[in-house]
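work_16.cif (mmCIF, C-alpha atoms) appears below.
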data_structure
loop_
_atom_site.label_atom_id
_atom_site.label_comp_id
_atom_site.auth_asym_id
_atom_site.auth_seq_id
_atom_site.Cartn_x
_atom_site.Cartn_y
_atom_site.Cartn_z
CA MET O 1 -21.64 -12.27 26.11
CA PHE O 2 -18.69 -11.54 28.33
CA ARG O 3 -15.75 -13.84 27.68
CA SER O 4 -14.13 -16.01 30.34
CA SER O 5 -10.68 -17.53 30.74
CA SER O 6 -8.79 -19.57 33.32
CA ASP O 7 -6.22 -16.88 34.17
CA VAL O 8 -4.96 -13.41 33.24
CA GLU O 9 -3.19 -13.67 29.91
CA ALA O 10 -0.01 -11.64 29.31
CA ASP O 11 0.98 -12.22 25.69
CA ALA O 12 3.04 -9.50 23.98
CA SER O 13 1.61 -10.52 20.60
CA ALA O 14 -2.04 -10.43 21.72
CA ASP O 15 -4.49 -7.60 21.10
CA TYR O 16 -5.91 -6.21 24.34
CA GLY O 17 -8.15 -3.58 22.78
CA LEU O 18 -11.27 -2.87 24.84
CA SER O 19 -14.59 -4.32 23.69
CA GLU O 20 -18.20 -4.36 24.93
CA GLU O 21 -17.53 -7.82 26.34
CA ASP O 22 -14.92 -6.62 28.80
CA GLY O 23 -16.82 -6.00 32.01
CA PRO O 24 -19.28 -3.14 32.66
CA TRP O 25 -17.28 -1.52 35.49
CA MET O 26 -13.52 -0.96 35.32
CA ILE O 27 -10.66 1.07 36.81
CA LEU O 28 -8.99 3.76 34.70
CA ALA O 29 -5.36 3.14 35.56
CA SER O 30 -3.69 5.70 33.30
CA THR O 31 -4.05 7.60 30.03
CA CYS O 32 -1.17 7.75 27.57
CA VAL O 33 -0.68 10.75 25.26
CA GLY O 34 2.13 12.25 23.23
CA GLU O 35 4.66 10.59 20.96
CA GLY O 36 4.43 6.79 20.99
CA SER O 37 1.32 6.81 23.19
CA LYS O 38 -0.16 3.68 21.61
CA ALA O 39 3.00 1.62 22.15
CA ARG O 40 3.28 2.98 25.69
CA ALA O 41 -0.32 2.01 26.48
CA GLU O 42 0.28 -1.48 25.08
CA ARG O 43 3.38 -1.80 27.25
CA LEU O 44 1.54 -0.60 30.35
CA ALA O 45 -1.37 -3.01 29.78
CA LEU O 46 1.05 -5.90 29.37
CA GLU O 47 2.99 -4.96 32.52
CA ILE O 48 -0.22 -4.69 34.54
CA ARG O 49 -1.21 -8.14 33.36
CA ARG O 50 2.24 -9.65 33.87
CA GLU O 51 3.36 -7.88 37.07
CA LEU O 52 0.05 -7.33 38.88
CA GLY O 53 -2.07 -10.19 37.53
CA LEU O 54 -4.95 -7.89 36.60
CA PRO O 55 -6.78 -7.92 33.24
CA ALA O 56 -5.94 -4.67 31.41
CA TYR O 57 -7.39 -3.27 28.18
CA ILE O 58 -6.70 -0.33 25.88
CA TYR O 59 -9.28 2.20 24.72
CA ARG O 60 -8.42 4.68 21.95
CA GLU O 61 -10.07 8.09 21.65
CA ARG O 62 -9.28 10.80 19.12
CA PHE O 63 -9.69 14.53 19.85
CA ASP O 64 -9.84 17.20 17.15
CA PHE O 65 -9.69 20.89 18.08
CA THR O 66 -9.04 22.22 14.58
CA GLY O 67 -11.34 24.08 12.21
CA ARG O 68 -14.26 26.30 13.05
CA VAL O 69 -16.83 25.91 15.78
CA ASN O 70 -20.49 26.07 14.77
CA LYS O 71 -21.99 29.53 15.14
CA PRO O 72 -24.47 29.91 18.03
CA ASN O 73 -26.78 31.78 15.64
CA LEU O 74 -26.74 33.36 12.19
CA THR O 75 -25.75 36.81 13.46
CA GLU O 76 -22.54 35.76 15.21
CA ARG O 77 -19.09 35.07 13.77
CA TYR O 78 -17.55 31.65 13.43
CA LEU O 79 -15.39 30.71 16.39
CA ARG O 80 -12.11 28.80 16.52
CA HIS O 81 -10.48 26.84 19.31
CA ALA O 82 -7.87 28.85 21.20
CA ASN O 83 -5.38 25.99 20.72
CA SER O 84 -5.76 24.31 17.34
CA TYR O 85 -4.46 20.75 17.51
CA GLN O 86 -5.39 17.07 17.23
CA TYR O 87 -4.26 14.18 19.36
CA GLU O 88 -4.97 10.59 20.26
CA ALA O 89 -5.23 9.31 23.81
CA TYR O 90 -4.99 5.69 24.89
CA ALA O 91 -6.66 4.84 28.19
CA VAL O 92 -5.58 1.70 30.02
CA LEU O 93 -8.57 0.22 31.82
CA VAL O 94 -8.27 -2.56 34.38
CA GLY O 95 -10.56 -5.22 35.79
CA GLU O 96 -14.04 -6.50 34.98
CA TYR O 97 -16.46 -5.75 37.79
CA ASP O 98 -20.14 -6.58 37.80
CA ARG O 99 -21.09 -3.59 39.95
CA VAL O 100 -19.49 -0.44 41.31
CA GLU O 101 -19.74 -1.85 44.87
CA ASN O 102 -17.74 -4.97 43.94
CA GLU O 103 -15.67 -6.08 46.93
CA ASN O 104 -12.49 -6.45 44.84
CA ILE O 105 -12.40 -2.86 43.60
CA GLU O 106 -10.78 -1.28 46.67
CA ARG O 107 -8.08 -3.96 46.76
CA ASP O 108 -7.28 -3.57 43.07
CA LEU O 109 -7.31 0.23 43.34
CA HIS O 110 -4.73 0.01 46.11
CA THR O 111 -2.62 -2.38 44.02
CA LEU O 112 -2.62 0.02 41.07
CA LYS O 113 -2.10 3.20 43.07
CA THR O 114 0.99 1.80 44.82
CA ALA O 115 2.45 -0.14 41.87
CA ARG O 116 5.95 0.64 40.54
CA LEU O 117 6.01 -0.57 36.95
CA PRO O 118 9.00 -0.45 34.58
CA VAL O 119 7.23 1.72 32.00
CA PHE O 120 7.05 4.56 34.53
CA GLU O 121 10.73 4.22 35.35
CA ASP O 122 11.72 4.54 31.69
CA LYS O 123 12.99 8.14 31.38
CA GLU O 124 12.59 8.17 27.59
CA GLU O 125 8.93 7.21 27.83
CA VAL O 126 8.29 9.70 30.65
CA GLU O 127 9.83 12.49 28.56
CA LYS O 128 7.52 11.69 25.63
CA GLU O 129 4.50 11.78 27.95
CA THR O 130 5.48 15.12 29.50
CA SER O 131 7.24 16.85 26.60
CA GLY O 132 5.05 19.97 26.67
CA THR O 133 4.92 20.00 22.85
CA ASN O 134 1.13 20.39 22.97
CA PRO O 135 -1.46 21.38 25.61
CA VAL O 136 -2.08 17.76 26.60
CA THR O 137 1.52 16.79 27.35
CA ALA O 138 1.96 20.17 29.04
CA VAL O 139 -0.84 19.25 31.45
CA GLN O 140 0.79 15.84 31.98
CA ALA O 141 4.07 17.56 32.83
CA MET O 142 2.33 19.82 35.36
CA SER O 143 0.59 16.80 36.93
CA GLN O 144 3.92 15.02 37.31
CA LYS O 145 5.38 18.00 39.16
CA LEU O 146 2.40 18.17 41.51
CA LEU O 147 2.64 14.44 42.24
CA ALA O 148 6.24 14.90 43.35
CA PHE O 149 5.01 17.02 46.29
CA ARG O 150 2.47 14.52 47.60
CA LYS O 151 2.88 13.44 51.22
CA ASP O 152 2.07 9.76 50.74
CA LYS O 153 5.29 8.36 49.29
CA THR O 154 3.77 4.87 48.92
CA LEU O 155 1.77 6.04 45.91
CA GLY O 156 3.13 5.47 42.42
CA ALA O 157 2.51 6.87 38.94
CA MET O 158 -1.06 5.50 38.88
CA ALA O 159 -2.06 7.26 42.11
CA GLY O 160 -4.97 8.93 40.29
CA ALA O 161 -6.63 5.65 39.26
CA PHE O 162 -10.42 5.65 39.69
CA VAL O 163 -13.48 3.53 38.97
CA THR O 164 -15.34 4.20 35.72
CA ARG O 165 -17.67 2.58 33.21
CA ASN O 166 -16.75 0.66 30.10
CA PRO O 167 -17.02 3.57 27.61
CA LEU O 168 -18.24 1.24 24.85
CA LEU O 169 -21.44 0.34 26.69
CA PRO O 170 -24.50 2.62 26.41
CA ALA O 171 -25.58 4.72 29.37
CA GLU O 172 -28.86 2.78 29.59
CA TYR O 173 -26.84 -0.28 30.55
CA PHE O 174 -25.90 1.30 33.88
CA ASP O 175 -28.63 3.65 35.01
CA ALA O 176 -32.38 3.49 35.13
CA PRO O 177 -33.42 6.28 32.72
CA THR O 178 -35.21 9.17 34.41
CA VAL O 179 -38.82 9.39 33.28
CA ASP O 180 -40.31 12.88 33.26
CA SER O 181 -43.99 13.73 33.49
CA PHE O 182 -44.53 13.91 29.74
CA VAL O 183 -43.00 10.47 29.08
CA SER O 184 -44.92 9.11 32.05
CA GLN O 185 -48.15 10.29 30.43
CA LEU O 186 -47.18 8.61 27.16
CA ASN O 187 -46.99 5.28 28.97
CA GLU O 188 -49.70 5.52 31.63
CA ASP O 189 -52.55 4.06 29.55
CA LYS O 190 -50.47 1.36 27.83
CA GLU O 191 -51.13 -2.26 28.61
CA TYR O 192 -48.03 -4.07 29.91
CA SER O 193 -46.07 -0.82 30.33
CA LEU O 194 -42.39 -1.23 31.17
CA LEU O 195 -42.92 1.29 33.98
CA SER O 196 -44.86 -1.45 35.79
CA CYS O 197 -41.96 -3.91 35.58
CA LYS O 198 -40.71 -4.78 39.09
CA GLY O 199 -37.24 -5.94 38.07
CA LYS O 200 -34.08 -3.84 37.82
CA TYR O 201 -33.20 -4.94 34.28
CA THR O 202 -34.90 -6.13 31.13
CA VAL O 203 -33.82 -6.99 27.57
CA VAL O 204 -34.77 -4.77 24.61
CA VAL O 205 -35.84 -7.10 21.79
CA ALA O 206 -37.35 -4.57 19.37
CA THR O 207 -36.57 -0.89 18.80
CA PHE O 208 -38.81 1.49 16.86
CA ALA O 209 -36.80 4.70 16.48
CA GLY O 210 -38.35 8.04 15.54
CA LEU O 211 -35.02 9.55 14.47
CA GLY O 212 -34.22 8.74 10.88
CA THR O 213 -30.64 10.01 11.11
CA ILE O 214 -28.03 10.68 13.76
CA VAL O 215 -28.47 14.20 15.09
CA ASP O 216 -26.44 16.55 17.23
CA GLY O 217 -27.01 15.57 20.86
CA LYS O 218 -27.51 19.23 21.85
CA LYS O 219 -30.24 19.62 19.25
CA GLU O 220 -31.97 16.29 19.87
CA LYS O 221 -34.15 17.78 22.62
CA ASP O 222 -35.54 20.21 20.03
CA PHE O 223 -36.18 17.48 17.45
CA VAL O 224 -39.86 16.90 16.74
CA PRO O 225 -40.39 13.52 15.04
CA SER O 226 -43.34 12.79 12.80
CA MET O 227 -46.32 12.15 15.06
CA LYS O 228 -47.81 9.88 12.42
CA ARG O 229 -44.65 7.79 12.40
CA MET O 230 -44.47 7.73 16.21
CA ASP O 231 -48.09 6.61 16.43
CA ARG O 232 -47.33 3.78 14.01
CA TYR O 233 -44.28 2.75 16.03
CA ALA O 234 -46.34 2.76 19.22
CA ALA O 235 -49.04 0.67 17.56
CA ASP O 236 -46.47 -1.85 16.30
CA ALA O 237 -44.88 -2.11 19.75
CA ASP O 238 -48.30 -2.65 21.34
CA LYS O 239 -49.18 -5.30 18.76
CA MET O 240 -45.88 -7.10 19.29
CA VAL O 241 -46.21 -7.09 23.09
CA LYS O 242 -49.76 -8.46 23.00
CA LYS O 243 -48.68 -11.29 20.70
CA LEU O 244 -45.78 -12.17 23.00
CA ARG O 245 -48.05 -12.02 26.06
CA ALA O 246 -50.55 -14.30 24.30
CA ASP O 247 -47.68 -16.75 23.85
CA GLY O 248 -46.93 -16.63 27.56
CA VAL O 249 -43.89 -14.31 27.33
CA GLU O 250 -43.27 -11.60 29.96
CA ALA O 251 -43.12 -8.69 27.50
CA TYR O 252 -43.35 -4.93 28.05
CA GLN O 253 -43.65 -1.77 25.95
CA TYR O 254 -42.10 1.64 26.54
CA HIS O 255 -42.50 4.94 24.68
CA ASP O 256 -40.62 8.23 24.90
CA ARG O 257 -40.24 11.31 22.68
CA THR O 258 -38.27 9.63 19.90
CA ARG O 259 -38.80 5.87 20.10
CA SER O 260 -40.83 2.89 21.23
CA LEU O 261 -39.31 -0.25 22.75
CA VAL O 262 -40.41 -3.82 23.31
CA THR O 263 -38.63 -5.66 26.08
CA VAL O 264 -38.72 -9.18 27.47
CA GLY O 265 -38.05 -10.37 31.00
CA SER O 266 -37.54 -8.94 34.46
CA PHE O 267 -34.14 -9.50 36.11
CA GLU O 268 -32.68 -8.47 39.46
CA THR O 269 -29.05 -8.67 38.36
CA LEU O 270 -27.07 -8.50 35.12
CA GLY O 271 -24.63 -11.24 36.00
CA ARG O 272 -21.62 -12.05 38.14
CA GLU O 273 -17.89 -11.75 38.30
CA LEU O 274 -16.06 -15.02 37.66
CA PRO O 275 -13.14 -16.26 39.83
CA ASP O 276 -10.70 -14.98 37.20
CA ARG O 277 -12.35 -11.52 37.45
CA ARG O 278 -14.13 -11.83 34.12
CA PHE O 279 -17.81 -10.91 33.97
CA GLU O 280 -20.69 -12.84 32.45
CA TYR O 281 -24.42 -12.24 32.11
CA THR O 282 -26.83 -14.46 34.04
CA PRO O 283 -27.95 -17.55 32.07
CA GLU O 284 -31.46 -16.09 31.91
CA ILE O 285 -30.28 -12.90 30.20
CA ARG O 286 -28.01 -14.83 27.82
CA GLN O 287 -30.89 -17.11 26.85
CA THR O 288 -33.24 -14.17 26.33
CA VAL O 289 -30.75 -12.33 24.11
CA GLU O 290 -30.14 -15.42 21.97
CA LYS O 291 -33.79 -16.45 21.73
CA TYR O 292 -35.00 -13.07 20.47
CA ARG O 293 -32.26 -12.24 17.95
CA ALA O 294 -33.67 -11.46 14.51
CA PHE O 295 -31.34 -14.04 13.00
CA ASN O 296 -31.71 -16.73 15.61
CA PRO O 297 -30.57 -19.78 13.58
CA ARG O 298 -33.37 -21.91 15.03
CA VAL O 299 -36.03 -19.59 13.64
CA ALA O 300 -34.59 -17.45 10.82
CA ARG O 301 -34.57 -19.48 7.63
CA GLN O 302 -34.41 -19.25 3.87
CA VAL O 303 -37.86 -19.11 2.31
CA PRO O 304 -38.23 -21.80 -0.40
CA GLY O 305 -38.42 -20.23 -3.86
CA LYS O 306 -37.56 -16.75 -2.57
CA THR O 307 -34.37 -14.76 -2.12
CA GLY O 308 -35.18 -13.31 1.29
CA ILE O 309 -34.87 -14.78 4.78
CA ALA O 310 -37.77 -15.16 7.19
CA VAL O 311 -36.37 -13.61 10.35
CA ASN O 312 -37.37 -14.25 13.94
CA HIS O 313 -40.47 -12.15 14.66
CA ALA O 314 -43.64 -11.64 16.67
CA ALA O 315 -46.86 -10.57 14.95
CA LEU O 316 -44.82 -10.43 11.70
CA ILE O 317 -42.65 -7.69 13.21
CA PRO O 318 -38.94 -8.62 13.30
CA PHE O 319 -36.86 -8.52 16.47
CA ASP O 320 -33.67 -6.47 16.74
CA ILE O 321 -30.49 -7.96 15.29
CA ASN O 322 -28.75 -7.59 18.67
CA PRO O 323 -31.07 -7.50 21.69
CA ALA O 324 -29.47 -5.77 24.67
CA PRO O 325 -30.14 -5.50 28.42
CA ILE O 326 -31.03 -2.12 29.90
CA ALA O 327 -32.00 -0.80 33.32
CA VAL O 328 -35.75 -0.48 33.77
CA PRO O 329 -36.81 3.21 33.67
CA ARG O 330 -38.39 4.62 36.79
CA VAL O 331 -40.73 7.53 37.47
CA SER O 332 -39.26 9.87 40.08
CA LYS O 333 -41.31 11.80 42.66
CA ARG O 334 -40.10 15.01 41.04
CA SER O 335 -41.52 13.84 37.68
CA LEU O 336 -44.90 13.19 39.27
CA TYR O 337 -44.83 16.59 40.99
CA ASN O 338 -44.03 18.34 37.70
CA GLY O 339 -46.87 16.41 36.08
CA VAL O 340 -49.36 17.76 38.63
CA LEU O 341 -48.18 21.29 37.83
CA GLY O 342 -48.61 20.67 34.12
CA MET O 343 -44.86 20.96 33.44
CA ARG O 344 -43.17 19.16 30.55
#
Let me see whether you can do it: turn the structure in this file into structure tokens.
Amino acid sequence: MFRSSSDVEADASADYGLSEEDGPWMILASTCVGEGSKARAERLALEIRRELGLPAYIYRERFDFTGRVNKPNLTERYLRHANSYQYEAYAVLVGEYDRVENENIERDLHTLKTARLPVFEDKEEVEKETSGTNPVTAVQAMSQKLLAFRKDKTLGAMAGAFVTRNPLLPAEYFDAPTVDSFVSQLNEDKEYSLLSCKGKYTVVVATFAGLGTIVDGKKEKDFVPSMKRMDRYAADADKMVKKLRADGVEAYQYHDRTRSLVTVGSFETLGRELPDRRFEYTPEIRQTVEKYRAFNPRVARQVPGKTGIAVNHAALIPFDINPAPIAVPRVSKRSLYNGVLGMR
């Protein structure tokens, strides 16, 4: 669940690393690279909190452009990056907004874009950020020169701030997945299909994945899972949903090329922004997540005389360890049109 607090903390000894609990929508204020980038990001986050009164968090990402690039096919040579180097970047993200249309975003964007913070006035820190010792700081140096020619002199070093997603949250959290004609056909004859759910969001309580290992995203579309395994997953999902429905639970099932899902509930909103700009899920979503955890302490228990634990389940099929809300998938008109033409 998203945390809440009475005000914006600004403690130099605190850790403001980004987590999944820190709001779904945020503002990317700045990205720090080059020598001392971590310390510079920590300083910037603290100054934003202290000087501007906005919650700021740090997100670390590592980039590696060394070694060989995979060959497109067996007949071609291995490729290498034109500029072989590694670097770490530290993004400073601000705010915790429940939706991209949040009424506070424009105000906070203006505050950040026009802010004059000490870290950006520190010549030593600016030199590290724009040293030109690698391609990244060279780009930063060029950006700084271009900013000097801008007409609007009210803008500061964070003039390029923009709204973005919390990078730690999955894409399904934000967008209703697009359902093509083939996936639509997989679900059309299923009882209690998630495609019939009228709400905008639901909570995934059980995941039956067809991928046994993590695969290259570019190759995943070519992956053909075991049909026998997928049929079993679909049957288990159907069995679980029918048991939940028999118990009076609003449950749904959903199937695509690589997985089957069981979800519970139909919600119009994920939550709300608190007065202190923190975000929290609606009570209904929080209750659903807690109730259907595999290790819900009220249900999961030690079996007398055995070493295992009887986990929370439906039809003897365990729930996920961490249920999560997602947007309900929708069938587009284009998907239906492609289906009529026999396209997949």
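Nearest-residue note for Ser196 in chain O: choosing from O:Tyr254, O:Phe208, O:Phe279, O:Trp25, the minimum distance belongs to O:Tyr254, counting only C-alpha atoms.
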In Å, how far is it from CA of Glu273 in chain O to CA of Thr164 in chain O?
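Here the two named atoms are 16.4 Å from each other.
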Closest to Ala41 in chain O among O:Ala14, O:Val92, O:Val331, O:Ile105, using all atoms listed in the file?
O:Val92
Which residue gives the smallest distance to Pro323 in chain O among O:Gly248, O:Pro55, O:Gly265, O:Pro118, with all atoms listed in the file counted?
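That would be O:Gly265, the residue with the smallest distance to Pro323 in chain O.
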Go through O:Ile58, O:Leu44, O:Val183, O:Ile27 one by one, measure the shortest atom-to-atom distance of each to Leu109 in chain O using all atoms listed in the file, and give the residue with the smallest value.
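Among the listed residues, the smallest separation from Leu109 in chain O belongs to O:Ile27.
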Which polymer residues have any atom within 9 Å of an atom of Leu117 in chain O, counting all atoms listed in the file, with same-chain residues fewer than 6 positions away left out, as a CSV table (one decimal) with C-alpha atoms, in the coordinates of the input?
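Below is the file that was written, selection-v9.csv:
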chain,number,residue,atom,x,y,z
O,44,LEU,CA,1.5,-0.6,30.4
O,47,GLU,CA,3.0,-5.0,32.5
O,48,ILE,CA,-0.2,-4.7,34.5
O,51,GLU,CA,3.4,-7.9,37.1
O,156,GLY,CA,3.1,5.5,42.4
O,157,ALA,CA,2.5,6.9,38.9
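With all atoms listed in the file as the atoms that count, the residue of O:Arg50, O:Asp256, O:Asp7, O:Glu250 with the shortest distance to Phe182 in chain O is O:Asp256.
When CA of Leu316 in chain O is paired with CA of Asn187 in chain O, their separation reads 23.4 Å.
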Please report the interatomic distance between CA of Ile326 in chain O and CA of Thr263 in chain O in Å with one decimal.
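Separation of CA of Ile326 in chain O and CA of Thr263 in chain O: 9.2 Å.
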Using all atoms listed in the file, give me every residue within 12 Å of (-4.0, -7.8, 37.7) in file coordinates, as a PyMOL selection string.
chain O and resi 7-10+26-27+29+44-57+93-96+104-105+107-112+115+276-278
Apply the PyMOL selection byres ((chain O and resi 261) around 10) to the file shown and report the selected residues as a PDB file with C-alpha atoms, in the frame of the given file.
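Once written, expr.pdb looks like this:
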ATOM      1  CA  LEU O 194     -42.390  -1.230  31.170  1.00  0.00           C
ATOM      2  CA  VAL O 203     -33.820  -6.990  27.570  1.00  0.00           C
ATOM      3  CA  VAL O 204     -34.770  -4.770  24.610  1.00  0.00           C
ATOM      4  CA  VAL O 205     -35.840  -7.100  21.790  1.00  0.00           C
ATOM      5  CA  ALA O 206     -37.350  -4.570  19.370  1.00  0.00           C
ATOM      6  CA  THR O 207     -36.570  -0.890  18.800  1.00  0.00           C
ATOM      7  CA  PHE O 208     -38.810   1.490  16.860  1.00  0.00           C
ATOM      8  CA  ALA O 209     -36.800   4.700  16.480  1.00  0.00           C
ATOM      9  CA  TYR O 233     -44.280   2.750  16.030  1.00  0.00           C
ATOM     10  CA  ALA O 234     -46.340   2.760  19.220  1.00  0.00           C
ATOM     11  CA  ASP O 236     -46.470  -1.850  16.300  1.00  0.00           C
ATOM     12  CA  ALA O 237     -44.880  -2.110  19.750  1.00  0.00           C
ATOM     13  CA  ASP O 238     -48.300  -2.650  21.340  1.00  0.00           C
ATOM     14  CA  VAL O 241     -46.210  -7.090  23.090  1.00  0.00           C
ATOM     15  CA  TYR O 252     -43.350  -4.930  28.050  1.00  0.00           C
ATOM     16  CA  GLN O 253     -43.650  -1.770  25.950  1.00  0.00           C
ATOM     17  CA  TYR O 254     -42.100   1.640  26.540  1.00  0.00           C
ATOM     18  CA  HIS O 255     -42.500   4.940  24.680  1.00  0.00           C
ATOM     19  CA  ASP O 256     -40.620   8.230  24.900  1.00  0.00           C
ATOM     20  CA  ARG O 259     -38.800   5.870  20.100  1.00  0.00           C
ATOM     21  CA  SER O 260     -40.830   2.890  21.230  1.00  0.00           C
ATOM     22  CA  VAL O 262     -40.410  -3.820  23.310  1.00  0.00           C
ATOM     23  CA  THR O 263     -38.630  -5.660  26.080  1.00  0.00           C
TER      24      THR O 263
END
Answer key for the PyMOL selection byres ((chain O and resi 30) around 7), residues as a list of chain:residue names
O:Leu28, O:Ala29, O:Thr31, O:Cys32, O:Ala91, O:Val92, O:Met158, O:Ala161
Keeping only C-alpha atoms, write those residues as a PDB file, in the frame of the given file.
ATOM      1  CA  LEU O  28      -8.990   3.760  34.700  1.00  0.00           C
ATOM      2  CA  ALA O  29      -5.360   3.140  35.560  1.00  0.00           C
ATOM      3  CA  THR O  31      -4.050   7.600  30.030  1.00  0.00           C
ATOM      4  CA  CYS O  32      -1.170   7.750  27.570  1.00  0.00           C
ATOM      5  CA  ALA O  91      -6.660   4.840  28.190  1.00  0.00           C
ATOM      6  CA  VAL O  92      -5.580   1.700  30.020  1.00  0.00           C
ATOM      7  CA  MET O 158      -1.060   5.500  38.880  1.00  0.00           C
ATOM      8  CA  ALA O 161      -6.630   5.650  39.260  1.00  0.00           C
TER       9      ALA O 161
END
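Closest approach to Val33 in chain O from the set O:Glu268, O:Asp98, O:Glu20, O:Glu125 is made by O:Glu125, with distances taken over all atoms listed in the file.
Applied to this file, the PyMOL selection byres ((chain O and resi 34-38) around 7) selects O:Cys32, O:Val33, O:Ala39, O:Arg40, O:Ala41, O:Glu42, O:Tyr90, O:Lys128, O:Glu129, O:Thr137.
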